[in-house]
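Dumped entry-v8.csv below, it's CSV, C-alpha atoms:
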```csv
chain,number,residue,atom,x,y,z
A,1,MET,CA,132.2,28.1,-115.8
A,2,SER,CA,130.0,31.1,-115.3
A,3,ASP,CA,127.0,31.7,-117.5
A,4,PRO,CA,127.1,35.2,-119.0
A,5,VAL,CA,123.3,35.3,-119.2
A,6,ALA,CA,122.9,34.4,-115.5
A,7,LEU,CA,125.5,37.0,-114.6
A,8,GLN,CA,123.6,39.7,-116.5
A,9,MET,CA,120.4,38.8,-114.8
A,10,THR,CA,121.9,39.0,-111.3
A,11,ALA,CA,123.7,42.3,-112.0
A,12,PRO,CA,122.9,44.6,-109.0
A,13,ALA,CA,120.6,47.5,-109.4
A,14,PRO,CA,122.4,50.8,-109.7
A,15,VAL,CA,122.9,52.7,-106.4
A,16,THR,CA,123.6,56.3,-105.9
A,17,ALA,CA,126.8,57.5,-104.3
A,18,LEU,CA,125.3,58.1,-100.9
A,19,GLU,CA,122.4,55.6,-101.1
A,20,ASN,CA,119.9,58.5,-101.3
A,21,ALA,CA,121.0,60.3,-98.2
A,22,ARG,CA,118.6,62.8,-96.8
A,23,HIS,CA,118.6,65.6,-94.3
A,24,ASP,CA,115.4,67.2,-93.0
A,25,GLY,CA,115.1,70.7,-91.6
A,26,PRO,CA,113.9,74.1,-92.7
A,27,VAL,CA,115.8,73.3,-95.9
A,28,THR,CA,115.7,69.6,-97.0
A,29,VAL,CA,118.8,68.2,-98.6
A,30,ALA,CA,118.3,64.9,-100.5
A,31,GLU,CA,120.4,62.9,-102.8
A,32,THR,CA,118.3,62.0,-105.8
A,33,GLY,CA,118.7,59.3,-108.4
A,34,PRO,CA,119.8,57.0,-109.7
A,35,TRP,CA,119.3,59.1,-112.8
A,36,GLY,CA,120.0,58.1,-116.4
A,37,MET,CA,122.4,60.8,-117.6
A,38,LEU,CA,123.5,61.3,-121.2
A,39,THR,CA,126.1,63.7,-122.4
A,40,LEU,CA,125.5,65.1,-125.9
A,41,ARG,CA,128.4,66.7,-127.6
A,42,GLY,CA,127.8,68.6,-130.8
A,43,ASP,CA,127.0,72.0,-132.1
A,44,LEU,CA,124.0,72.9,-130.0
A,45,SER,CA,123.1,75.9,-132.2
A,46,ALA,CA,122.7,73.7,-135.2
A,47,ALA,CA,119.0,73.1,-136.1
A,48,PRO,CA,119.4,69.4,-136.9
A,49,VAL,CA,121.0,68.7,-133.5
A,50,ARG,CA,118.3,70.7,-131.7
A,51,SER,CA,115.4,69.0,-133.5
A,52,SER,CA,117.0,65.5,-132.9
A,53,LEU,CA,117.3,66.2,-129.2
A,54,ALA,CA,113.7,67.5,-129.1
A,55,ASP,CA,112.4,64.4,-130.9
A,56,ALA,CA,114.3,61.9,-128.8
A,57,THR,CA,113.6,63.5,-125.3
A,58,GLY,CA,110.3,65.3,-125.9
A,59,LEU,CA,112.0,68.4,-124.4
A,60,ALA,CA,113.1,71.6,-126.2
A,61,MET,CA,116.8,72.4,-126.4
A,62,PRO,CA,117.4,75.1,-123.8
A,63,GLU,CA,118.9,78.4,-124.7
A,64,VAL,CA,122.3,79.4,-123.5
A,65,ARG,CA,122.7,78.8,-119.8
A,66,GLY,CA,119.2,77.4,-119.6
A,67,VAL,CA,117.5,74.2,-118.5
A,68,THR,CA,114.3,72.7,-119.8
A,69,VAL,CA,112.3,70.7,-117.2
A,70,ALA,CA,109.3,68.5,-117.8
A,71,GLY,CA,108.2,66.0,-115.2
A,72,ASP,CA,111.2,63.8,-114.4
A,73,ARG,CA,113.2,64.8,-117.5
A,74,ARG,CA,115.7,67.6,-117.9
A,75,VAL,CA,117.9,68.9,-120.6
A,76,ALA,CA,120.7,71.2,-119.4
A,77,TRP,CA,122.9,73.5,-121.5
A,78,PHE,CA,126.4,72.9,-120.4
A,79,SER,CA,128.5,74.7,-123.0
A,80,PRO,CA,128.2,75.7,-126.7
A,81,ASP,CA,128.8,72.1,-127.6
A,82,GLU,CA,127.7,70.1,-124.6
A,83,ALA,CA,124.3,69.3,-123.1
A,84,LEU,CA,123.4,67.0,-120.2
A,85,ILE,CA,120.2,65.0,-120.5
A,86,LEU,CA,118.6,63.6,-117.3
A,87,VAL,CA,115.9,60.9,-117.5
A,88,PRO,CA,114.8,58.2,-115.1
A,89,ARG,CA,117.1,55.3,-115.2
A,90,ALA,CA,114.4,53.1,-116.7
A,91,ASP,CA,114.0,55.4,-119.7
A,92,LEU,CA,117.8,55.6,-120.4
A,93,ALA,CA,118.1,52.8,-123.0
A,94,GLY,CA,115.1,54.1,-125.0
A,95,VAL,CA,116.2,57.7,-125.0
A,96,ARG,CA,119.7,56.8,-125.9
A,97,ALA,CA,118.6,54.6,-128.8
A,98,ALA,CA,116.3,57.4,-130.0
A,99,LEU,CA,119.1,60.0,-129.8
A,100,ASP,CA,121.6,57.7,-131.6
A,101,GLY,CA,119.0,57.2,-134.3
A,102,ALA,CA,118.1,60.8,-134.7
A,103,LEU,CA,121.7,62.0,-134.8
A,104,ALA,CA,122.9,59.3,-137.2
A,105,GLY,CA,125.1,60.9,-139.8
A,106,GLN,CA,125.5,64.1,-137.9
A,107,HIS,CA,128.7,65.4,-136.2
A,108,ALA,CA,127.6,64.6,-132.6
A,109,LEU,CA,128.3,62.2,-129.8
A,110,VAL,CA,126.1,60.7,-127.2
A,111,ALA,CA,127.7,59.0,-124.1
A,112,ASP,CA,126.1,57.4,-121.1
A,113,MET,CA,127.5,59.2,-118.1
A,114,SER,CA,125.0,58.0,-115.5
A,115,ASP,CA,127.6,56.6,-113.2
A,116,ALA,CA,129.9,59.6,-113.4
A,117,ARG,CA,127.7,62.1,-111.5
A,118,ALA,CA,125.7,62.5,-108.3
A,119,SER,CA,122.7,64.7,-108.0
A,120,PHE,CA,121.0,66.5,-105.2
A,121,ARG,CA,117.8,68.4,-104.6
A,122,ILE,CA,117.4,71.0,-101.9
A,123,SER,CA,113.9,72.3,-101.1
A,124,GLY,CA,112.4,74.9,-98.8
A,125,GLU,CA,111.6,78.6,-98.7
A,126,PRO,CA,113.1,80.3,-101.7
A,127,ALA,CA,114.8,82.9,-99.5
A,128,HIS,CA,116.3,80.1,-97.4
A,129,LEU,CA,117.6,78.2,-100.5
A,130,ALA,CA,119.2,81.4,-101.8
A,131,GLU,CA,120.9,81.8,-98.4
A,132,VAL,CA,122.2,78.2,-98.4
A,133,LEU,CA,123.6,78.5,-101.9
A,134,ALA,CA,125.0,82.0,-101.4
A,135,ARG,CA,127.3,80.5,-98.8
A,136,LEU,CA,128.8,78.0,-101.3
A,137,VAL,CA,128.7,79.3,-104.8
A,138,PRO,CA,130.0,82.6,-106.3
A,139,VAL,CA,126.6,83.4,-107.9
A,140,ASP,CA,124.2,86.3,-107.1
A,141,MET,CA,121.3,84.2,-106.0
A,142,GLY,CA,119.1,87.3,-105.7
A,143,THR,CA,118.8,87.4,-109.5
A,144,PHE,CA,119.0,83.6,-110.2
A,145,ALA,CA,115.7,82.6,-111.9
A,146,VAL,CA,113.8,79.5,-112.6
A,147,GLY,CA,115.0,77.8,-115.8
A,148,GLU,CA,118.5,79.3,-115.5
A,149,LEU,CA,121.5,77.0,-115.2
A,150,ARG,CA,124.9,77.8,-113.8
A,151,ARG,CA,128.0,75.7,-113.9
A,152,THR,CA,130.4,77.0,-111.3
A,153,ARG,CA,132.3,75.9,-108.3
A,154,LEU,CA,130.6,74.8,-105.1
A,155,ALA,CA,133.2,75.6,-102.4
A,156,GLN,CA,136.1,73.7,-104.0
A,157,VAL,CA,134.5,71.4,-106.6
A,158,ALA,CA,132.8,71.8,-109.9
A,159,CYS,CA,129.0,71.7,-109.7
A,160,ALA,CA,126.0,72.8,-111.8
A,161,HIS,CA,122.8,74.0,-110.3
A,162,TRP,CA,119.4,75.2,-111.5
A,163,MET,CA,115.9,75.7,-110.1
A,164,PRO,CA,113.3,73.4,-111.7
A,165,GLU,CA,110.6,75.4,-109.9
A,166,GLU,CA,110.3,77.9,-107.1
A,167,GLY,CA,111.3,76.4,-103.8
A,168,ALA,CA,113.7,73.8,-105.1
A,169,VAL,CA,117.2,73.7,-106.4
A,170,GLU,CA,118.8,70.7,-108.2
A,171,LEU,CA,122.5,70.2,-108.3
A,172,VAL,CA,124.8,67.8,-110.1
A,173,CYS,CA,128.5,67.1,-109.3
A,174,PHE,CA,131.0,64.4,-109.9
A,175,ARG,CA,130.2,61.2,-108.0
A,176,SER,CA,133.6,61.1,-106.3
A,177,VAL,CA,132.8,64.4,-104.4
A,178,ALA,CA,129.2,63.5,-103.5
A,179,ARG,CA,129.9,63.2,-99.8
A,180,TYR,CA,131.8,66.5,-99.7
A,181,VAL,CA,128.9,68.3,-101.5
A,182,PHE,CA,126.2,66.7,-99.4
A,183,ASP,CA,128.0,67.6,-96.1
A,184,LEU,CA,128.5,71.1,-97.3
A,185,LEU,CA,124.9,71.5,-98.2
A,186,VAL,CA,123.8,70.1,-94.8
A,187,GLU,CA,126.2,72.4,-93.0
A,188,ALA,CA,125.0,75.4,-94.8
A,189,ALA,CA,121.4,74.4,-94.3
A,190,GLU,CA,121.8,73.8,-90.6
A,191,SER,CA,123.8,76.9,-89.6
A,192,PRO,CA,121.8,78.8,-87.0
A,193,ARG,CA,122.5,82.1,-88.7
A,194,ALA,CA,121.0,80.9,-92.0
A,195,PHE,CA,117.4,81.6,-91.1
A,196,PRO,CA,116.8,84.6,-88.9
A,197,ALA,CA,113.6,84.4,-87.0
B,1,MET,CA,139.6,90.4,-107.8
B,2,LEU,CA,139.0,90.4,-111.5
B,3,ILE,CA,135.5,90.2,-112.9
B,4,LEU,CA,135.5,88.4,-116.3
B,5,THR,CA,132.8,87.7,-118.8
B,6,CYS,CA,133.0,84.4,-120.7
B,7,PRO,CA,132.4,85.2,-124.4
B,8,TYR,CA,130.9,81.7,-124.9
B,9,CYS,CA,128.4,81.3,-122.1
B,10,GLY,CA,128.0,85.0,-121.3
B,11,VAL,CA,128.5,84.5,-117.6
B,12,THR,CA,130.1,87.4,-115.7
B,13,ALA,CA,131.9,85.9,-112.8
B,14,GLU,CA,134.8,86.5,-110.4
B,15,GLU,CA,138.2,85.1,-111.1
B,16,THR,CA,137.9,82.0,-108.9
B,17,GLU,CA,135.6,80.5,-111.5
B,18,PHE,CA,138.3,80.9,-114.2
B,19,HIS,CA,141.9,79.9,-114.6
B,20,GLY,CA,144.6,82.1,-116.1
B,21,GLY,CA,146.6,80.7,-119.0
B,22,GLY,CA,149.4,83.2,-119.5
B,23,GLU,CA,150.1,85.6,-122.3
B,24,ALA,CA,147.8,85.8,-125.3
B,25,HIS,CA,148.6,85.6,-129.1
B,26,LEU,CA,151.9,83.7,-128.8
B,27,LYS,CA,153.0,82.4,-132.2
B,28,ARG,CA,154.4,78.9,-132.1
B,29,GLU,CA,157.8,78.5,-133.6
B,30,GLY,CA,158.1,75.0,-135.0
B,31,PRO,CA,160.7,72.9,-136.9
B,32,GLY,CA,162.8,75.1,-139.1
B,33,SER,CA,162.6,78.2,-137.0
B,34,ASP,CA,165.9,79.6,-135.8
B,35,ASP,CA,167.1,79.4,-132.2
B,36,ALA,CA,166.4,83.0,-131.3
B,37,ALA,CA,162.8,82.6,-132.4
B,38,LEU,CA,162.3,79.4,-130.5
B,39,GLU,CA,163.8,81.0,-127.4
B,40,GLY,CA,161.5,83.9,-127.7
B,41,TYR,CA,158.5,81.6,-128.1
B,42,LEU,CA,159.4,79.5,-125.1
B,43,PHE,CA,160.7,82.1,-122.6
B,44,HIS,CA,160.2,85.8,-123.6
B,45,ARG,CA,157.0,87.2,-122.1
B,46,GLU,CA,155.6,90.6,-121.6
B,47,ASN,CA,155.3,91.9,-118.1
B,48,PRO,CA,153.7,95.3,-118.5
B,49,ARG,CA,152.4,97.7,-116.0
B,50,GLY,CA,149.2,98.7,-117.8
B,51,VAL,CA,147.5,97.1,-120.8
B,52,HIS,CA,148.0,93.4,-121.1
B,53,PHE,CA,146.4,90.6,-123.2
B,54,GLU,CA,145.9,87.2,-121.6
B,55,ARG,CA,144.4,83.8,-122.1
B,56,TRP,CA,141.8,82.6,-119.6
B,57,ARG,CA,139.8,79.4,-119.3
B,58,HIS,CA,136.3,79.1,-117.8
B,59,VAL,CA,137.4,76.1,-115.9
B,60,TYR,CA,134.5,75.6,-113.6
B,61,GLY,CA,131.9,76.6,-116.2
B,62,CYS,CA,131.8,75.8,-119.9
B,63,GLY,CA,135.4,74.8,-120.0
B,64,LYS,CA,136.3,77.1,-123.0
B,65,TRP,CA,139.5,79.1,-123.5
B,66,PHE,CA,139.1,82.8,-124.3
B,67,HIS,CA,141.1,86.0,-124.4
B,68,ALA,CA,140.9,88.9,-122.0
B,69,ALA,CA,142.4,92.4,-122.2
B,70,ARG,CA,143.0,94.1,-118.9
B,71,ASP,CA,145.1,96.6,-117.0
B,72,THR,CA,147.6,95.0,-114.7
B,73,GLN,CA,147.8,98.1,-112.6
B,74,THR,CA,144.2,98.9,-111.9
B,75,LEU,CA,142.7,95.4,-112.7
B,76,GLU,CA,140.3,97.0,-115.0
B,77,VAL,CA,139.1,94.5,-117.6
B,78,PHE,CA,138.6,96.2,-121.0
B,79,GLY,CA,136.9,93.2,-122.6
B,80,THR,CA,137.0,89.5,-123.4
B,81,TYR,CA,136.9,87.9,-126.8
B,82,PRO,CA,136.9,84.3,-128.3
B,83,ALA,CA,140.0,82.3,-128.7
B,84,GLN,CA,139.7,81.7,-132.4
B,85,THR,CA,141.7,84.8,-133.4
B,86,THR,CA,145.3,85.8,-133.6
B,87,THR,CA,144.8,89.5,-132.9
B,88,PRO,CA,142.5,91.4,-130.6
B,89,PRO,CA,139.3,92.7,-132.3
B,90,GLU,CA,139.5,96.3,-133.6
B,91,ASP,CA,136.5,97.6,-131.5
B,92,LEU,CA,138.2,96.4,-128.3
B,93,LEU,CA,141.5,98.1,-129.4
B,94,ALA,CA,139.5,101.3,-130.0
B,95,THR,CA,138.1,101.1,-126.5
B,96,ILE,CA,141.6,100.6,-125.0
B,97,ARG,CA,143.1,103.5,-127.0
B,98,ASP,CA,140.3,105.6,-125.7
B,99,LYS,CA,141.0,104.7,-122.1
B,100,ARG,CA,144.8,104.4,-122.3
B,101,PRO,CA,146.0,106.7,-125.0
B,102,GLY,CA,149.4,105.7,-126.4
B,103,PHE,CA,149.5,102.2,-125.0
B,104,THR,CA,151.7,99.6,-126.8
B,105,TRP,CA,151.9,95.9,-126.3
B,106,ARG,CA,154.0,93.7,-128.6
B,107,GLY,CA,153.6,95.9,-131.6
B,108,ILE,CA,149.9,96.5,-130.9
B,109,SER,CA,149.0,100.1,-130.2
```

Serialized structure, structure tokens:
Amino acid sequence: MSDPVALQMTAPAPVTALENARHDGPVTVAETGPWGMLTLRGDLSAAPVRSSLADATGLAMPEVRGVTVAGDRRVAWFSPDEALILVPRADLAGVRAALDGALAGQHALVADMSDARASFRISGEPAHLAEVLARLVPVDMGTFAVGELRRTRLAQVACAHWMPEEGAVELVCFRSVARYVFDLLVEAAESPRAFPA
Amino acid sequence: MLILTCPYCGVTAEETEFHGGGEAHLKREGPGSDDAALEGYLFHRENPRGVHFERWRHVYGCGKWFHAARDTQTLEVFGTYPAQTTTPPEDLLATIRDKRPGFTWRGIS
């Protein structure tokens, strides 16, 4: 008979969809993670929800279509009633408990979605990054600013992207399409016409 | 190609980021309604050449449903407005009257 405690202790460490695949070049494409990802549903314009989130994560609730970045934590505005919270996997349980506690009694929901999504980071010259993304998303990358977030389609799948700082773009998509997104990013980053001499 | 602005997240994007949801402001005919009313609810749709009101969903973005008023002939979008309403807002109607004098759509003019 199996011992549940022993089973728990031998549970494998979480792995990302592509085992942190990486492509180096003028634009580096890397799968990041494993992140701890929490989805918060609730009225994001309500002051109690905003302050609860700030207390639990240490990050301010972003404005509409914004993202707040501090170190290895991010809070992303996804819709008027949905936010995605990214923290290192090791901090997940603590942040979740803090959020649950702060939101107790409020009309809000927190769910652990860490295994639902894959995340990527592409880095390089800002102009090159804009070129790579302009090939894949219907967004004017010429006016896309640091701290702005855009949920849109990347080729044929849903994807969200933002710039945590100049020279880097982070993307999240569903885990089931991680290989598709990674290959597309590499293809766009490798194309000889991407970076005129 | 339509350029629509989502009233919830404020994004102005081209139509591939959205999904059309058919005619706007249909009134559901439930139990107790007569056959003709139910038939109209199920099957009778406007198919105008000109001003039209539609439902759209920001499917790749925030996921919300909203309404759009546009011209089917020129693809001009007069405006978009939230889904929590049964009639178009008066300021949008004023804009449309200004641009398309004399338009009518399902009793709206």

Margin query: Residues of chain A within 9 Å of chain B, counting only C-alpha atoms, what are they? List them as a PyMOL selection string.
Written below: chain A and resi 64-65+78-80+82+138-139+150-153+157-160

Checklist line | Residues near B:His25, cut-off 7 Å, all atoms listed in the file, skip fewer than 2 positions along chain, as a count of residues only | finding: 4

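Atom CA of B:Arg49 to atom CA of B:Gly79 spans 17.4 Å [interatomic distance, one decimal].
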
What's around A:Arg179 at 12 Å? Count only C-alpha atoms, leave out sequence neighbours fewer than 6 positions away in its own chain, and write the answer as a compact mmCIF listing (two decimals) with C-alpha atoms, in the frame of the given file.
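That gives us around-v3.txt:
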```txt
# COMPACT_ATOMS: atom_id res chain seq x y z
CA THR A 16 123.60 56.30 -105.90
CA ALA A 17 126.80 57.50 -104.30
CA LEU A 18 125.30 58.10 -100.90
CA GLU A 19 122.40 55.60 -101.10
CA ASN A 20 119.90 58.50 -101.30
CA ALA A 21 121.00 60.30 -98.20
CA ARG A 22 118.60 62.80 -96.80
CA ALA A 30 118.30 64.90 -100.50
CA GLU A 31 120.40 62.90 -102.80
CA ARG A 117 127.70 62.10 -111.50
CA ALA A 118 125.70 62.50 -108.30
CA SER A 119 122.70 64.70 -108.00
CA PHE A 120 121.00 66.50 -105.20
CA VAL A 157 134.50 71.40 -106.60
CA CYS A 173 128.50 67.10 -109.30
CA LEU A 185 124.90 71.50 -98.20
CA VAL A 186 123.80 70.10 -94.80
```

Check: Closest to A:Phe174 among A:Ala130, A:Met113, A:Val146, A:Ala56, using all atoms listed in the file?
Finding: A:Met113

Notebook entry, point to check: Which one of B:Gly22, B:Gly107, B:Pro82, B:Gly50 sits closest to B:Phe66 if you count all atoms listed in the file?
Noted result: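 Smallest distance to B:Phe66 is found for B:Pro82.
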
Next item on the list: Calculate how many Å separate atom CA of A:Arg121 from atom CA of A:Phe144, rounding to one decimal.
Entry: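 Computed distance, atom CA of A:Arg121 to atom CA of A:Phe144, equals 16.2 Å.
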
Item checked: Sphere at (117.1, 55.5, -131.8), radius 12 Å, counting all atoms listed in the file: residues as a list in words ->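 Every residue inside that radius is included here: Ser52, Leu53, Asp55, Ala56, Thr57, Leu92, Ala93, Gly94, Val95, Arg96, Ala97, Ala98, Leu99, Asp100, Gly101, Ala102, Leu103, Ala104 and Val110 of chain A.
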
Margin query: Give me the residues near B:Lys99 as a ChimeraX atom specification, where near means some atom within 12 Å (using all atoms listed in the file) and where sequence neighbours in that chain fewer than 3 positions away do not count.
Written below: /B:50-51,70-71,76-78,92-96,102-103
